[in-house]
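**Q** Input target.csv, format and content: CSV, C-alpha atoms.
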```csv
chain,number,residue,atom,x,y,z
A,1028,MET,CA,35.2,-19.9,17.7
A,1029,LYS,CA,37.8,-22.5,18.6
A,1030,ILE,CA,40.7,-22.4,16.2
A,1031,VAL,CA,43.7,-24.7,16.0
A,1032,LEU,CA,46.6,-23.0,14.1
A,1033,PHE,CA,49.5,-25.0,12.7
A,1034,GLY,CA,52.7,-23.0,12.0
A,1035,ALA,CA,51.7,-20.4,14.6
A,1036,THR,CA,55.2,-18.9,15.2
A,1037,GLY,CA,56.0,-18.1,11.5
A,1038,ASP,CA,55.4,-14.6,10.1
A,1039,VAL,CA,52.0,-15.5,8.6
A,1040,GLY,CA,51.0,-17.7,11.4
A,1041,ASN,CA,51.8,-15.2,14.1
A,1042,ALA,CA,50.0,-12.4,12.2
A,1043,THR,CA,46.9,-14.6,11.9
A,1044,LEU,CA,47.1,-15.6,15.5
A,1045,GLN,CA,47.4,-12.0,16.7
A,1046,GLU,CA,44.3,-10.9,14.7
A,1047,ALA,CA,42.3,-13.9,15.8
A,1048,VAL,CA,43.1,-13.2,19.5
A,1049,LYS,CA,42.2,-9.6,19.0
A,1050,ARG,CA,38.8,-10.6,17.7
A,1051,GLY,CA,38.1,-12.8,20.7
A,1052,HIS,CA,38.6,-16.3,19.2
A,1053,THR,CA,40.1,-19.2,21.3
A,1054,ILE,CA,43.4,-20.3,19.8
A,1055,THR,CA,45.5,-23.4,20.1
A,1056,ALA,CA,48.9,-22.6,18.6
A,1057,ILE,CA,50.9,-25.5,17.2
A,1058,ALA,CA,54.6,-25.3,16.2
A,1059,ARG,CA,57.7,-27.5,16.5
A,1060,ASN,CA,59.8,-24.9,18.4
A,1061,ILE,CA,58.6,-24.9,22.0
A,1062,HIS,CA,60.7,-21.8,22.8
A,1063,LYS,CA,59.0,-19.7,20.1
A,1064,LEU,CA,55.6,-20.9,21.4
A,1065,SER,CA,56.5,-19.3,24.8
A,1066,ASP,CA,56.5,-15.9,23.3
A,1067,LEU,CA,52.8,-16.0,22.3
A,1068,PRO,CA,50.1,-14.0,24.1
A,1069,GLU,CA,48.7,-15.1,27.4
A,1070,GLY,CA,45.5,-17.1,27.1
A,1071,VAL,CA,46.7,-18.9,23.9
A,1072,ALA,CA,46.9,-22.7,24.4
A,1073,ARG,CA,50.1,-24.0,22.8
A,1074,GLU,CA,51.6,-27.4,21.9
A,1075,SER,CA,54.9,-28.4,20.4
A,1076,LEU,CA,54.2,-30.9,17.6
A,1077,ASP,CA,55.9,-32.4,14.6
A,1078,VAL,CA,52.9,-33.0,12.3
A,1079,LEU,CA,54.8,-35.6,10.2
A,1080,ALA,CA,55.7,-37.6,13.2
A,1081,ASN,CA,52.3,-37.6,14.9
A,1082,PRO,CA,49.4,-37.5,12.4
A,1083,ASP,CA,47.1,-39.1,15.0
A,1084,ARG,CA,47.6,-36.1,17.3
A,1085,VAL,CA,46.9,-33.7,14.4
A,1086,ALA,CA,43.5,-35.4,14.0
A,1087,GLU,CA,42.8,-35.3,17.7
A,1088,LEU,CA,43.4,-31.5,17.8
A,1089,MET,CA,41.2,-30.9,14.7
A,1090,ALA,CA,38.3,-33.0,16.3
A,1091,SER,CA,38.2,-30.7,19.3
A,1092,HIS,CA,38.2,-27.4,17.4
A,1093,ASP,CA,35.8,-25.6,15.1
A,1094,VAL,CA,38.3,-24.5,12.4
A,1095,VAL,CA,41.8,-25.4,11.3
A,1096,ILE,CA,44.4,-22.9,9.9
A,1097,SER,CA,47.6,-24.1,8.3
A,1098,ALA,CA,50.4,-21.6,8.1
A,1099,LEU,CA,53.1,-24.3,7.8
A,1100,ARG,CA,56.3,-23.5,6.0
A,1101,PRO,CA,59.3,-25.8,6.0
A,1102,ILE,CA,62.8,-24.5,6.6
A,1103,SER,CA,65.1,-23.6,3.7
A,1104,GLY,CA,66.4,-26.8,2.1
A,1105,SER,CA,63.4,-28.9,3.2
A,1106,GLU,CA,60.8,-27.3,0.9
A,1107,ASP,CA,59.5,-30.7,-0.3
A,1108,PHE,CA,58.1,-31.3,3.2
A,1109,LEU,CA,55.4,-28.7,2.5
A,1110,VAL,CA,53.4,-31.2,0.5
A,1111,GLU,CA,53.8,-34.0,3.1
A,1112,MET,CA,52.7,-31.7,5.9
A,1113,SER,CA,49.8,-30.4,4.0
A,1114,GLN,CA,48.7,-34.0,3.2
A,1115,VAL,CA,48.8,-34.9,6.9
A,1116,LEU,CA,46.5,-32.0,7.7
A,1117,LEU,CA,44.1,-32.7,4.8
A,1118,ASP,CA,43.9,-36.3,5.7
A,1119,ALA,CA,43.0,-35.3,9.3
A,1120,ALA,CA,40.4,-32.8,8.0
A,1121,ARG,CA,38.9,-35.6,5.9
A,1122,LYS,CA,38.8,-37.9,8.9
A,1123,THR,CA,37.3,-35.3,11.3
A,1124,GLY,CA,35.2,-33.2,8.9
A,1125,ALA,CA,36.9,-30.0,10.1
A,1126,PRO,CA,37.0,-27.0,7.7
A,1127,ILE,CA,40.6,-26.2,6.9
A,1128,TYR,CA,42.1,-22.9,5.7
A,1129,LEU,CA,45.6,-23.2,4.2
A,1130,THR,CA,48.1,-20.6,3.4
A,1131,GLY,CA,49.2,-21.4,-0.1
A,1132,GLY,CA,51.8,-19.7,-2.3
A,1133,ALA,CA,51.7,-17.2,-5.2
A,1134,ALA,CA,53.3,-19.7,-7.6
A,1135,THR,CA,50.2,-20.7,-9.5
A,1136,LEU,CA,48.7,-17.1,-9.7
A,1137,LYS,CA,48.6,-15.6,-13.1
A,1138,LEU,CA,50.4,-12.3,-13.8
A,1139,ALA,CA,48.1,-9.3,-14.2
A,1140,ASP,CA,49.6,-8.5,-17.7
A,1141,ASP,CA,47.4,-10.9,-19.8
A,1142,SER,CA,50.5,-12.8,-20.7
A,1143,GLY,CA,49.1,-16.1,-19.5
A,1144,HIS,CA,52.2,-16.7,-17.4
A,1145,THR,CA,52.0,-17.6,-13.7
A,1146,VAL,CA,54.4,-16.4,-11.1
A,1147,LEU,CA,56.2,-19.7,-11.5
A,1148,SER,CA,56.3,-19.9,-15.3
A,1149,ALA,CA,57.1,-16.3,-16.1
A,1150,PRO,CA,60.7,-15.8,-17.3
A,1151,ASP,CA,62.9,-14.1,-14.9
A,1152,PHE,CA,60.1,-13.3,-12.5
A,1153,LEU,CA,61.3,-15.3,-9.6
A,1154,PRO,CA,64.8,-15.2,-8.2
A,1155,ASP,CA,66.5,-18.6,-8.0
A,1156,SER,CA,66.6,-18.4,-4.2
A,1157,VAL,CA,62.8,-18.7,-3.9
A,1158,ARG,CA,62.1,-21.1,-6.7
A,1159,PRO,CA,62.3,-24.2,-4.4
A,1160,ILE,CA,59.5,-23.0,-2.1
A,1161,ALA,CA,57.5,-21.7,-5.1
A,1162,GLU,CA,57.6,-25.2,-6.7
A,1163,ALA,CA,56.6,-26.8,-3.4
A,1164,CYS,CA,53.7,-24.4,-3.2
A,1165,ALA,CA,52.6,-25.3,-6.7
A,1166,ASP,CA,52.7,-29.0,-5.7
A,1167,GLN,CA,50.7,-28.1,-2.6
A,1168,ASP,CA,48.1,-26.4,-4.8
A,1169,ALA,CA,47.8,-29.5,-7.0
A,1170,LEU,CA,47.4,-31.7,-3.9
A,1171,LEU,CA,44.2,-30.0,-3.0
A,1172,ASP,CA,42.4,-31.5,-6.0
A,1173,GLN,CA,42.7,-34.9,-4.4
A,1174,TYR,CA,40.5,-33.7,-1.5
A,1175,ASP,CA,37.1,-33.0,-3.1
A,1176,ASP,CA,35.4,-34.4,0.0
A,1177,VAL,CA,37.2,-31.9,2.4
A,1178,GLN,CA,36.0,-28.4,3.1
A,1179,TRP,CA,39.2,-26.6,2.3
A,1180,THR,CA,40.0,-23.0,1.4
A,1181,CYS,CA,43.5,-22.0,0.1
A,1182,LEU,CA,44.4,-18.3,0.6
A,1183,ARG,CA,47.4,-17.5,-1.6
A,1184,PRO,CA,49.5,-14.4,-0.8
A,1185,PRO,CA,50.5,-12.0,-3.5
A,1186,ALA,CA,54.0,-12.0,-5.0
A,1187,MET,CA,55.3,-9.9,-2.0
A,1188,LEU,CA,54.6,-10.5,1.6
A,1189,ILE,CA,56.1,-7.5,3.5
A,1190,ASP,CA,56.5,-6.1,7.0
A,1191,GLY,CA,54.1,-3.2,7.4
A,1192,PRO,CA,51.1,-1.9,9.4
A,1193,LEU,CA,47.7,-3.4,9.7
A,1194,THR,CA,45.3,-1.4,7.6
A,1195,GLY,CA,42.3,-3.7,7.1
A,1196,LEU,CA,42.3,-2.6,3.5
A,1197,TYR,CA,42.8,-5.2,0.9
A,1198,VAL,CA,41.2,-6.6,-2.3
A,1199,ARG,CA,40.3,-10.2,-2.7
A,1200,GLY,CA,40.9,-12.1,-6.0
A,1201,THR,CA,40.9,-15.6,-7.3
A,1202,ASP,CA,43.5,-16.9,-9.8
A,1203,THR,CA,45.3,-13.6,-10.8
A,1204,LEU,CA,47.7,-11.4,-8.8
A,1205,VAL,CA,46.1,-8.3,-7.4
A,1206,PRO,CA,48.4,-5.3,-8.2
A,1207,ASP,CA,48.4,-2.0,-6.4
A,1208,HIS,CA,48.8,1.4,-7.9
A,1209,ASP,CA,52.5,0.8,-8.7
A,1210,GLY,CA,51.6,-2.5,-10.5
A,1211,VAL,CA,53.1,-4.6,-7.6
A,1212,ALA,CA,51.2,-7.3,-5.9
A,1213,ARG,CA,51.9,-7.1,-2.2
A,1214,ILE,CA,50.4,-7.1,1.2
A,1215,SER,CA,51.7,-6.9,4.8
A,1216,TYR,CA,51.8,-10.0,7.0
A,1217,ALA,CA,49.4,-8.2,9.3
A,1218,ASP,CA,46.8,-7.6,6.6
A,1219,PHE,CA,47.2,-11.1,5.2
A,1220,GLY,CA,46.4,-12.5,8.7
A,1221,TYR,CA,43.5,-10.0,8.9
A,1222,ALA,CA,42.2,-11.3,5.5
A,1223,MET,CA,42.5,-14.9,6.7
A,1224,VAL,CA,40.4,-14.3,9.8
A,1225,ASP,CA,37.9,-12.4,7.7
A,1226,LEU,CA,37.5,-15.6,5.6
A,1227,ILE,CA,37.0,-17.8,8.6
A,1228,GLU,CA,34.5,-15.5,10.2
A,1229,GLY,CA,32.6,-15.2,6.9
A,1230,GLY,CA,32.1,-19.0,6.8
A,1231,ASN,CA,32.8,-19.2,3.1
A,1232,GLY,CA,32.2,-22.6,1.5
A,1233,GLY,CA,35.1,-25.0,1.0
A,1234,GLN,CA,37.2,-25.9,-2.0
A,1235,GLN,CA,38.1,-22.5,-3.2
A,1236,ARG,CA,41.4,-20.8,-4.1
A,1237,LEU,CA,41.7,-17.1,-3.3
A,1238,THR,CA,44.3,-14.4,-3.1
A,1239,VAL,CA,44.5,-10.9,-1.7
A,1240,GLY,CA,46.5,-7.8,-2.2
A,1241,TYR,CA,46.5,-4.0,-1.9
A,1242,GLN,CA,45.0,-2.0,-4.8
A,1243,ASN,CA,45.2,1.7,-5.6
A,1244,ARG,CA,47.1,2.5,-2.5
A,1245,ALA,CA,50.7,2.5,-1.2
A,1246,ALA,CA,51.6,-0.7,0.6
A,1247,ALA,CA,53.8,1.0,3.2
```
Have the structure of the file written as C-alpha coordinates, please.

**A**
Amino acid sequence: MKIVLFGATGDVGNATLQEAVKRGHTITAIARNIHKLSDLPEGVARESLDVLANPDRVAELMASHDVVISALRPISGSEDFLVEMSQVLLDAARKTGAPIYLTGGAATLKLADDSGHTVLSAPDFLPDSVRPIAEACADQDALLDQYDDVQWTCLRPPAMLIDGPLTGLYVRGTDTLVPDHDGVARISYADFGYAMVDLIEGGNGGQQRLTVGYQNRAAA
(Lines of atoms letter the chains of each structure in order from A and count residues from 1; the text may use other names and numbers.)
(Lines give C-alpha, C1' and ligand atoms only; values in the text may rest on other atoms or scores of the structure.)
Protein backbone atom coordinates (compact mmCIF):
# COMPACT_ATOMS: atom_id res chain seq x y z
CA MET A 1 0.00 0.00 0.00
CA LYS A 2 1.26 3.48 -0.86
CA ILE A 3 0.92 5.80 2.13
CA VAL A 4 1.64 9.51 2.38
CA LEU A 5 2.31 10.52 5.97
CA PHE A 6 2.13 14.17 7.02
CA GLY A 7 3.96 15.02 10.24
CA ALA A 8 6.30 12.07 9.78
CA THR A 9 9.06 13.26 12.12
CA GLY A 10 7.00 13.83 15.28
CA ASP A 11 6.65 11.21 18.00
CA VAL A 12 3.38 9.78 16.68
CA GLY A 13 4.30 10.21 13.03
CA ASN A 14 7.65 8.49 13.41
CA ALA A 15 6.18 5.59 15.37
CA THR A 16 3.52 5.12 12.70
CA LEU A 17 6.10 5.34 9.93
CA GLN A 18 8.36 2.75 11.58
CA GLU A 19 5.46 0.31 11.92
CA ALA A 20 4.25 0.85 8.36
CA VAL A 21 7.75 0.28 6.98
CA LYS A 22 8.09 -2.88 9.07
CA ARG A 23 4.91 -4.21 7.48
CA GLY A 24 6.16 -3.57 3.97
CA HIS A 25 4.19 -0.48 2.98
CA THR A 26 5.60 2.18 0.67
CA ILE A 27 5.86 5.48 2.52
CA THR A 28 6.25 9.08 1.47
CA ALA A 29 7.18 11.08 4.57
CA ILE A 30 6.20 14.75 4.74
CA ALA A 31 7.51 17.28 7.27
CA ARG A 32 8.65 20.88 7.35
CA ASN A 33 12.11 20.16 8.79
CA ILE A 34 14.26 18.69 6.05
CA HIS A 35 17.04 17.84 8.52
CA LYS A 36 14.74 15.58 10.55
CA LEU A 37 13.57 13.90 7.36
CA SER A 38 17.16 12.85 6.67
CA ASP A 39 17.07 10.62 9.77
CA LEU A 40 14.29 8.38 8.44
CA PRO A 41 14.91 4.79 7.25
CA GLU A 42 16.30 4.06 3.81
CA GLY A 43 13.69 3.44 1.18
CA VAL A 44 11.30 6.06 2.56
CA ALA A 45 10.56 8.84 0.08
CA ARG A 46 10.60 12.22 1.79
CA GLU A 47 9.59 15.77 1.06
CA SER A 48 9.91 18.99 3.02
CA LEU A 49 6.58 20.80 2.77
CA ASP A 50 4.61 23.51 4.54
CA VAL A 51 1.04 22.32 4.04
CA LEU A 52 -0.45 25.76 4.72
CA ALA A 53 1.74 27.38 2.09
CA ASN A 54 1.22 24.79 -0.64
CA PRO A 55 -2.21 23.11 -0.55
CA ASP A 56 -1.98 22.24 -4.25
CA ARG A 57 1.06 20.08 -3.57
CA VAL A 58 -0.80 18.39 -0.73
CA ALA A 59 -3.54 17.37 -3.18
CA GLU A 60 -0.97 16.16 -5.72
CA LEU A 61 0.62 13.90 -3.13
CA MET A 62 -2.72 12.48 -2.04
CA ALA A 63 -3.72 11.75 -5.63
CA SER A 64 -0.68 9.51 -6.12
CA HIS A 65 -1.12 7.45 -2.91
CA ASP A 66 -3.64 4.93 -1.64
CA VAL A 67 -3.97 6.25 1.90
CA VAL A 68 -3.24 9.48 3.78
CA ILE A 69 -2.13 9.72 7.42
CA SER A 70 -1.99 13.00 9.29
CA ALA A 71 0.13 13.11 12.42
CA LEU A 72 0.51 16.89 12.23
CA ARG A 73 1.09 18.84 15.42
CA PRO A 74 1.97 22.55 15.52
CA ILE A 75 4.76 23.83 17.71
CA SER A 76 3.99 25.28 21.13
CA GLY A 77 2.45 28.72 20.80
CA SER A 78 0.99 27.95 17.38
CA GLU A 79 -1.68 25.47 18.44
CA ASP A 80 -4.40 27.25 16.44
CA PHE A 81 -2.67 26.16 13.24
CA LEU A 82 -3.83 22.57 13.88
CA VAL A 83 -7.31 23.33 12.57
CA GLU A 84 -5.99 25.16 9.52
CA MET A 85 -3.58 22.35 8.66
CA SER A 86 -6.28 19.73 9.13
CA GLN A 87 -8.60 21.73 6.88
CA VAL A 88 -6.01 21.79 4.10
CA LEU A 89 -5.67 18.00 4.29
CA LEU A 90 -9.42 17.39 4.45
CA ASP A 91 -10.02 19.72 1.50
CA ALA A 92 -7.42 17.79 -0.49
CA ALA A 93 -8.99 14.48 0.54
CA ARG A 94 -12.36 15.78 -0.64
CA LYS A 95 -10.82 16.79 -3.97
CA THR A 96 -8.96 13.53 -4.56
CA GLY A 97 -11.24 11.01 -2.85
CA ALA A 98 -8.33 9.70 -0.79
CA PRO A 99 -9.13 8.03 2.54
CA ILE A 100 -7.52 9.98 5.37
CA TYR A 101 -6.60 8.85 8.87
CA LEU A 102 -6.02 11.70 11.30
CA THR A 103 -4.37 11.70 14.69
CA GLY A 104 -6.80 13.54 16.92
CA GLY A 105 -6.55 14.46 20.58
CA ALA A 106 -8.04 13.15 23.80
CA ALA A 107 -9.84 16.43 24.55
CA THR A 108 -13.32 15.30 23.57
CA LEU A 109 -13.12 11.81 25.09
CA LYS A 110 -15.34 11.17 28.11
CA LEU A 111 -13.81 10.15 31.40
CA ALA A 112 -14.42 6.54 32.37
CA ASP A 113 -16.01 7.54 35.71
CA ASP A 114 -19.56 8.14 34.44
CA SER A 115 -19.29 11.81 35.40
CA GLY A 116 -20.20 12.94 31.90
CA HIS A 117 -17.09 15.12 31.78
CA THR A 118 -14.62 15.02 28.93
CA VAL A 119 -10.88 15.36 29.25
CA LEU A 120 -11.27 19.04 28.36
CA SER A 121 -14.27 19.83 30.56
CA ALA A 122 -13.30 17.92 33.72
CA PRO A 123 -12.17 20.27 36.54
CA ASP A 124 -8.44 20.09 37.26
CA PHE A 125 -7.89 17.19 34.87
CA LEU A 126 -5.63 18.99 32.43
CA PRO A 127 -2.60 21.07 33.42
CA ASP A 128 -2.70 24.59 32.04
CA SER A 129 0.35 23.88 29.91
CA VAL A 130 -1.51 21.44 27.65
CA ARG A 131 -4.87 23.21 27.53
CA PRO A 132 -4.05 25.16 24.32
CA ILE A 133 -3.35 22.01 22.31
CA ALA A 134 -6.35 20.27 23.90
CA GLU A 135 -8.63 23.11 22.83
CA ALA A 136 -7.14 23.01 19.34
CA CYS A 137 -7.78 19.25 19.18
CA ALA A 138 -11.41 19.82 20.21
CA ASP A 139 -11.75 22.33 17.37
CA GLN A 140 -10.12 19.84 14.99
CA ASP A 141 -12.65 17.22 16.10
CA ALA A 142 -15.56 19.59 15.40
CA LEU A 143 -14.12 20.40 11.97
CA LEU A 144 -14.59 16.80 10.87
CA ASP A 145 -18.38 17.22 10.88
CA GLN A 146 -18.03 19.57 7.92
CA TYR A 147 -16.64 16.74 5.78
CA ASP A 148 -19.43 14.19 5.52
CA ASP A 149 -18.37 13.54 1.93
CA VAL A 150 -14.80 12.54 2.90
CA GLN A 151 -13.70 9.10 4.02
CA TRP A 152 -12.03 10.14 7.28
CA THR A 153 -11.10 8.23 10.41
CA CYS A 154 -9.88 10.05 13.51
CA LEU A 155 -7.82 8.00 15.97
CA ARG A 156 -7.65 9.82 19.30
CA PRO A 157 -4.91 8.92 21.77
CA PRO A 158 -5.66 8.31 25.44
CA ALA A 159 -4.91 10.90 28.09
CA MET A 160 -1.25 9.84 28.19
CA LEU A 161 1.03 9.08 25.27
CA ILE A 162 4.26 7.69 26.71
CA ASP A 163 7.64 6.35 25.71
CA GLY A 164 7.57 2.59 25.97
CA PRO A 165 7.97 -0.68 24.11
CA LEU A 166 5.88 -2.02 21.28
CA THR A 167 3.59 -4.73 22.62
CA GLY A 168 0.91 -4.97 19.95
CA LEU A 169 -1.60 -5.22 22.80
CA TYR A 170 -4.25 -2.54 23.04
CA VAL A 171 -7.99 -2.08 23.35
CA ARG A 172 -10.00 -0.01 20.91
CA GLY A 173 -12.79 2.30 22.08
CA THR A 174 -15.00 5.05 20.68
CA ASP A 175 -15.92 8.12 22.75
CA THR A 176 -14.62 7.19 26.23
CA LEU A 177 -11.09 6.85 27.60
CA VAL A 178 -9.84 3.27 27.86
CA PRO A 179 -8.23 2.89 31.31
CA ASP A 180 -5.73 0.21 32.24
CA HIS A 181 -5.64 -1.76 35.50
CA ASP A 182 -4.44 1.35 37.38
CA GLY A 183 -7.33 3.41 36.07
CA VAL A 184 -5.02 5.43 33.81
CA ALA A 185 -5.68 5.83 30.09
CA ARG A 186 -2.33 5.53 28.35
CA ILE A 187 -0.45 3.91 25.48
CA SER A 188 3.07 4.06 24.11
CA TYR A 189 3.83 5.96 20.93
CA ALA A 190 4.92 2.64 19.40
CA ASP A 191 1.62 0.94 20.15
CA PHE A 192 -0.38 3.97 19.00
CA GLY A 193 1.43 3.79 15.66
CA TYR A 194 0.78 0.04 15.59
CA ALA A 195 -2.94 0.67 16.14
CA MET A 196 -3.00 3.27 13.38
CA VAL A 197 -1.50 0.86 10.86
CA ASP A 198 -3.94 -1.84 11.99
CA LEU A 199 -6.79 0.53 11.17
CA ILE A 200 -5.44 1.28 7.72
CA GLU A 201 -4.85 -2.37 6.89
CA GLY A 202 -8.34 -3.23 8.14
CA GLY A 203 -9.86 -0.89 5.61
CA ASN A 204 -12.47 0.36 8.05
CA GLY A 205 -15.11 2.68 6.66
CA GLY A 206 -14.75 6.41 6.96
CA GLN A 207 -16.27 9.01 9.25
CA GLN A 208 -15.51 7.34 12.54
CA ARG A 209 -13.90 8.56 15.74
CA LEU A 210 -11.97 5.97 17.71
CA THR A 211 -9.52 5.76 20.58
CA VAL A 212 -7.12 3.15 21.95
CA GLY A 213 -5.43 2.34 25.24
CA TYR A 214 -3.99 -0.40 27.37
CA GLN A 215 -6.36 -2.42 29.54
CA ASN A 216 -5.71 -4.75 32.45
CA ARG A 217 -1.93 -4.56 32.03
CA ALA A 218 0.94 -2.32 33.01
CA ALA A 219 1.83 0.24 30.38
CA ALA A 220 5.58 0.08 30.98

**Q** Please provide the set of residues having any atom within 6 Å of stretch 1033-1044 of chain A, restricted to only C-alpha atoms, with same-chain residues fewer than 2 positions apart removed, written as a PyMOL selection string.

**A** chain A and resi 1046-1047+1056-1058+1097-1099+1216-1217+1220

**Q** Neighbouring residues of A:Val1146 were defined as those with any atom within 8 Å, considering only C-alpha atoms; residues of the same chain fewer than 2 positions away were excluded. Please report them as a list in words.

**A**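 Residues meeting the cut-off are Ala1133, Ala1134, Thr1135, Leu1136, Lys1137, Leu1138, His1144, Ser1148, Ala1149, Phe1152, Leu1153 and Ala1186 of chain A.
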
**Q** Could you check the closest approach to A:Ser1105 for each of A:Ile1160, A:Asp1066, A:Gln1235, A:Ile1214 and tell me which residue wins, using all atoms listed in the file?

**A**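 Between A:Ile1160, A:Asp1066, A:Gln1235, A:Ile1214, the residue approaching A:Ser1105 most closely is A:Ile1160.
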
**Q** Hey, which of A:Ile1061, A:Val1078, A:Val1085, A:Ile1096 ends up closest to A:Leu1109? Count all atoms listed in the file.

**A**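 When distances to A:Leu1109 are compared using all atoms listed in the file, the smallest one comes from A:Val1078.
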
**Q** Out of A:Asp1093, A:Asp1140, A:Asp1077, A:Asp1190, which residue has the shortest atom-to-atom distance to A:Arg1213 when counting only C-alpha atoms?

**A** A:Asp1190

**Q** One decimal, in Å: what's the spacing between atom CA of A:Thr1194 and atom CA of A:Asp1218?

**A** 6.5 Å

**Q** Calculate how many Å separate atom CA of A:Lys1029 from atom CA of A:Leu1188, rounding to one decimal.

**A** 26.7 Å

**Q** Any chance you could turn stretch 1111-1122 of chain A into a file with N, CA and C atoms, as a PDB file, in the first residue's frame?

**A**
```pdb
ATOM      1  N   GLU A1111      -6.260  24.731  10.888  1.00  0.00           N
ATOM      2  CA  GLU A1111      -5.985  25.158   9.517  1.00  0.00           C
ATOM      3  C   GLU A1111      -5.269  24.070   8.723  1.00  0.00           C
ATOM      4  N   MET A1112      -4.300  23.422   9.347  1.00  0.00           N
ATOM      5  CA  MET A1112      -3.582  22.348   8.659  1.00  0.00           C
ATOM      6  C   MET A1112      -4.501  21.172   8.368  1.00  0.00           C
ATOM      7  N   SER A1113      -5.342  20.841   9.337  1.00  0.00           N
ATOM      8  CA  SER A1113      -6.284  19.734   9.131  1.00  0.00           C
ATOM      9  C   SER A1113      -7.264  20.060   8.006  1.00  0.00           C
ATOM     10  N   GLN A1114      -7.671  21.321   7.931  1.00  0.00           N
ATOM     11  CA  GLN A1114      -8.600  21.729   6.884  1.00  0.00           C
ATOM     12  C   GLN A1114      -7.974  21.583   5.503  1.00  0.00           C
ATOM     13  N   VAL A1115      -6.705  21.946   5.382  1.00  0.00           N
ATOM     14  CA  VAL A1115      -6.009  21.790   4.101  1.00  0.00           C
ATOM     15  C   VAL A1115      -6.014  20.317   3.680  1.00  0.00           C
ATOM     16  N   LEU A1116      -5.709  19.422   4.621  1.00  0.00           N
ATOM     17  CA  LEU A1116      -5.671  18.001   4.290  1.00  0.00           C
ATOM     18  C   LEU A1116      -7.055  17.453   3.964  1.00  0.00           C
ATOM     19  N   LEU A1117      -8.056  17.867   4.714  1.00  0.00           N
ATOM     20  CA  LEU A1117      -9.419  17.391   4.455  1.00  0.00           C
ATOM     21  C   LEU A1117      -9.948  17.925   3.127  1.00  0.00           C
ATOM     22  N   ASP A1118      -9.623  19.169   2.803  1.00  0.00           N
ATOM     23  CA  ASP A1118     -10.021  19.720   1.504  1.00  0.00           C
ATOM     24  C   ASP A1118      -9.382  18.918   0.363  1.00  0.00           C
ATOM     25  N   ALA A1119      -8.111  18.571   0.535  1.00  0.00           N
ATOM     26  CA  ALA A1119      -7.418  17.789  -0.489  1.00  0.00           C
ATOM     27  C   ALA A1119      -7.994  16.380  -0.587  1.00  0.00           C
ATOM     28  N   ALA A1120      -8.368  15.806   0.550  1.00  0.00           N
ATOM     29  CA  ALA A1120      -8.990  14.483   0.540  1.00  0.00           C
ATOM     30  C   ALA A1120     -10.347  14.530  -0.162  1.00  0.00           C
ATOM     31  N   ARG A1121     -11.071  15.596   0.059  1.00  0.00           N
ATOM     32  CA  ARG A1121     -12.357  15.783  -0.640  1.00  0.00           C
ATOM     33  C   ARG A1121     -12.134  15.874  -2.153  1.00  0.00           C
ATOM     34  N   LYS A1122     -11.110  16.586  -2.544  1.00  0.00           N
ATOM     35  CA  LYS A1122     -10.820  16.793  -3.972  1.00  0.00           C
ATOM     36  C   LYS A1122     -10.368  15.507  -4.643  1.00  0.00           C
TER      37      LYS A1122
END
```
